[in-house]
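Notes for the one structure printed next.
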Amino acid sequence: MTTTSPLGFGIIGTGMIAGYHAQAISRTAGARLVGVADCVATSARSFAEKHGVKFATAEVATLVARSDIQVICITTPSGAHLEPALAAIAAGKHVIIEKPLEITTARADRIIEAAAKAGVLLAPIFQSRFGAGAQRVKAAVAAGRLGRLVLASAYVKWHRDASYYTGWKGTLAIDGGGAVINQSVHGLDLLQWFAGLPEEVFACKTRRVHTGIEAEDTACAVFRYPGGALGGFEATTAAWPGWARRIELCGEHGSIVLEDDHIARWDFRTAHPEDAAIRTAANDSALGAGAGAANTISSEGHLRQIGDLVTTIRTGRPLAVDGREARKAVALVNAIYASAERGVPVKL
């Protein structure tokens, strides 16, 4: 394969999110979808036909053995990422894994360690980091514009109807939980990307509306950060009609509010020349939002992240999001659940 040849991609798991990967691959320069695998052979064939792919199989081993595939996208249910990821890594493939990386840090660590040992790239999906608004917030925090953080909080008040919770959704063994790990993990990832991981979490969770599922549909937590800043977290899938995900960062010299990828507040004690343009910048709405339903996101975020992987393979520069970065959100989710179960604060 020359450096100008398209990279061959395979997809394992053909549920709803796999379609976003397929769309993104089709729009990514230097990438092409070669084959798909699903444990239900008819699902694999149907997905392949829909996306114009010639190869479909029910066997993961058959897909990852193909020499014309260099990258595997893992789009199986959350708690079923480990096994196909290890198979792909063992076959020498780079791996893209849907959020969350896995449902526990122990399972995530096995993937991270295997990829490092094999010398392949591991790119977990956290496409919200690629939004223009999120990038501006990260740059402001890194530049010290907020000064000492006082409060850093995330709010994910979404709606899912009863029909959403079928199959593996809302199960402890496969989904790993409910509103926290599935819907809120992007917000938690952004929050810790901006503010760092809390050192202590005190949480509670409940089922208010979706009482037929195993996991929570509502949760709250208080965070204590290294250095003394505090924060809060609220999550639900039971709130009609669902509001934009909101992240608030409040500091001694400035404060920011990010709603989905729109900067709703950008207030600083000392003005910079670019501030006015940032306040009036158009929302990066191409990423979509999932407040009211799971199918209201777009493939744009996946396009940006898959493009980042392709560039990394071509140039050798670091990935924007790697396995150890994605592990942080899993660790935070696990701490929230542990605190809620035990009724005591939990240290990360």
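Every chain in the structure tokens takes a letter, A first, then B, and so on in the order presented; its residues are numbered from 1, and the ligands are numbered from 1 following the presented order.
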Within 8 Å of segment 121-127 of chain A, which residues of segment 198-309 of chain A come that close, and what is the closest atom pair and distance in Å for each? Count only C-alpha atoms and give it as CSV.
residue,atom,partner,partner_atom,distance
A:Gly301,CA,A:Gln127,CA,4.7
A:His302,CA,A:Gln127,CA,5.9
A:Arg304,CA,A:Gln127,CA,7.4
A:Gln305,CA,A:Gln127,CA,6.2
A:Leu309,CA,A:Ala123,CA,7.0
Keeping only N, CA and C atoms, take the residues you just selected and write them out as a PDB file, in the first residue's frame.
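Saved the output as out_35.pdb:
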ATOM      1  N   GLY A 301     -19.242  14.955  13.489  1.00  0.00           N
ATOM      2  CA  GLY A 301     -18.233  14.757  14.519  1.00  0.00           C
ATOM      3  C   GLY A 301     -17.399  13.522  14.274  1.00  0.00           C
ATOM      4  N   HIS A 302     -18.062  12.442  13.848  1.00  0.00           N
ATOM      5  CA  HIS A 302     -17.327  11.222  13.511  1.00  0.00           C
ATOM      6  C   HIS A 302     -16.412  11.461  12.310  1.00  0.00           C
ATOM      7  N   ARG A 304     -14.880  14.220  11.551  1.00  0.00           N
ATOM      8  CA  ARG A 304     -13.698  14.950  12.009  1.00  0.00           C
ATOM      9  C   ARG A 304     -12.741  14.028  12.765  1.00  0.00           C
ATOM     10  N   GLN A 305     -13.292  13.133  13.575  1.00  0.00           N
ATOM     11  CA  GLN A 305     -12.415  12.273  14.363  1.00  0.00           C
ATOM     12  C   GLN A 305     -11.795  11.167  13.522  1.00  0.00           C
ATOM     13  N   LEU A 309      -7.730  10.432  12.700  1.00  0.00           N
ATOM     14  CA  LEU A 309      -7.001   9.156  12.711  1.00  0.00           C
ATOM     15  C   LEU A 309      -6.259   8.941  11.395  1.00  0.00           C
TER      16      LEU A 309
END
For segment 92-112 of chain A against segment 156-179 of chain A, with a cut-off of 12 Å and counting only C-alpha atoms, what is the closest atom pair and its distance in Å to one decimal for every residue that makes the cut, ordered by chain and number, as CSV?
residue,atom,partner,partner_atom,distance
A:Lys99,CA,A:Asp175,CA,10.9
A:Pro100,CA,A:Asp175,CA,9.6
A:Leu101,CA,A:Gly176,CA,11.4
A:Glu102,CA,A:Gly176,CA,8.4
A:Ile103,CA,A:Gly176,CA,5.2
A:Thr104,CA,A:Gly176,CA,7.9
A:Thr105,CA,A:Gly176,CA,11.5
A:Arg107,CA,A:Gly176,CA,11.6
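Counting only C-alpha atoms, Gly147 of chain A has the following residues at most 10 Å away, ignoring those fewer than 4 positions along the same chain: Val141, Ala143, Cys250, Gly251, Glu252, His253, Gly254, Ser255 and Phe268 of chain A.
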> If we count only C-alpha atoms, what is near segment 197-212 of chain A at a cut-off of 6 Å, once residues fewer than 3 positions away on the same chain are taken out, given as a list of chain:residue names?
Replying inline: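 Here the qualifying residues turn out to be A:Gln192, A:Glu216, A:Asp217, A:Thr218, A:Ala219, A:Cys220, A:Ala221, A:Val222, A:Phe223, A:Arg224, A:Tyr225, A:Pro226, A:Ala238, A:Ile336, A:Ser339, A:Ala340, A:Pro345, A:Val346, A:Lys347, A:Leu348.
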Using the selection just defined, write its residues with C-alpha atoms as a PDB file, in the first residue's frame.
ATOM      1  CA  GLN A 192     -12.812  16.766  32.719  1.00  0.00           C
ATOM      2  CA  GLU A 216     -30.670   4.847  36.473  1.00  0.00           C
ATOM      3  CA  ASP A 217     -32.568   7.370  34.404  1.00  0.00           C
ATOM      4  CA  THR A 218     -31.550  10.234  36.748  1.00  0.00           C
ATOM      5  CA  ALA A 219     -28.401  11.026  38.721  1.00  0.00           C
ATOM      6  CA  CYS A 220     -26.679  13.886  40.541  1.00  0.00           C
ATOM      7  CA  ALA A 221     -23.183  14.351  41.913  1.00  0.00           C
ATOM      8  CA  VAL A 222     -20.953  16.854  43.677  1.00  0.00           C
ATOM      9  CA  PHE A 223     -17.315  17.080  42.593  1.00  0.00           C
ATOM     10  CA  ARG A 224     -14.245  18.230  44.513  1.00  0.00           C
ATOM     11  CA  TYR A 225     -11.273  19.054  42.292  1.00  0.00           C
ATOM     12  CA  PRO A 226      -7.568  19.073  43.145  1.00  0.00           C
ATOM     13  CA  ALA A 238     -36.582  11.423  31.785  1.00  0.00           C
ATOM     14  CA  ILE A 336     -20.177   8.248  40.235  1.00  0.00           C
ATOM     15  CA  SER A 339     -20.527   6.558  45.253  1.00  0.00           C
ATOM     16  CA  ALA A 340     -24.228   6.231  44.448  1.00  0.00           C
ATOM     17  CA  PRO A 345     -17.877   9.996  48.712  1.00  0.00           C
ATOM     18  CA  VAL A 346     -15.475   8.114  46.440  1.00  0.00           C
ATOM     19  CA  LYS A 347     -11.940   9.218  45.562  1.00  0.00           C
ATOM     20  CA  LEU A 348     -10.655   8.794  42.017  1.00  0.00           C
TER      21      LEU A 348
END
>> Show me, as an MDAnalysis selection string, the residues that have an atom within 8 Å of segment 280-291 of chain A when counting only C-alpha atoms, minus same-chain residues fewer than 5 positions from it.
In response: chainID A and resid 128 131:133 157:159 241:245 260:263 296:301
> atom CA of Ala329 of chain A and atom CA of Ala215 of chain A, how far apart in Å?
Replying inline: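 Separation of atom CA of Ala215 of chain A and atom CA of Ala329 of chain A: 18.2 Å.
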> Got a sec to tell me which of segment 10-203 of chain A DSSP assigns to helix (DSSP H, G or I), as a PyMOL selection string?
Replying inline: chain A and resi 16-27+41-50+60-64+78-80+82-90+105-118+127-130+132-142+162-164+179-183+185-195
>> Taking only segment 118-292 of chain A into account, list the residues labelled strand (DSSP E or B) by DSSP (computed from the backbone), as a PyMOL selection string.
In response: chain A and resi 122-124+149-157+159+200-206+218-224+230-236+238+246-251+254-259+262-268+288
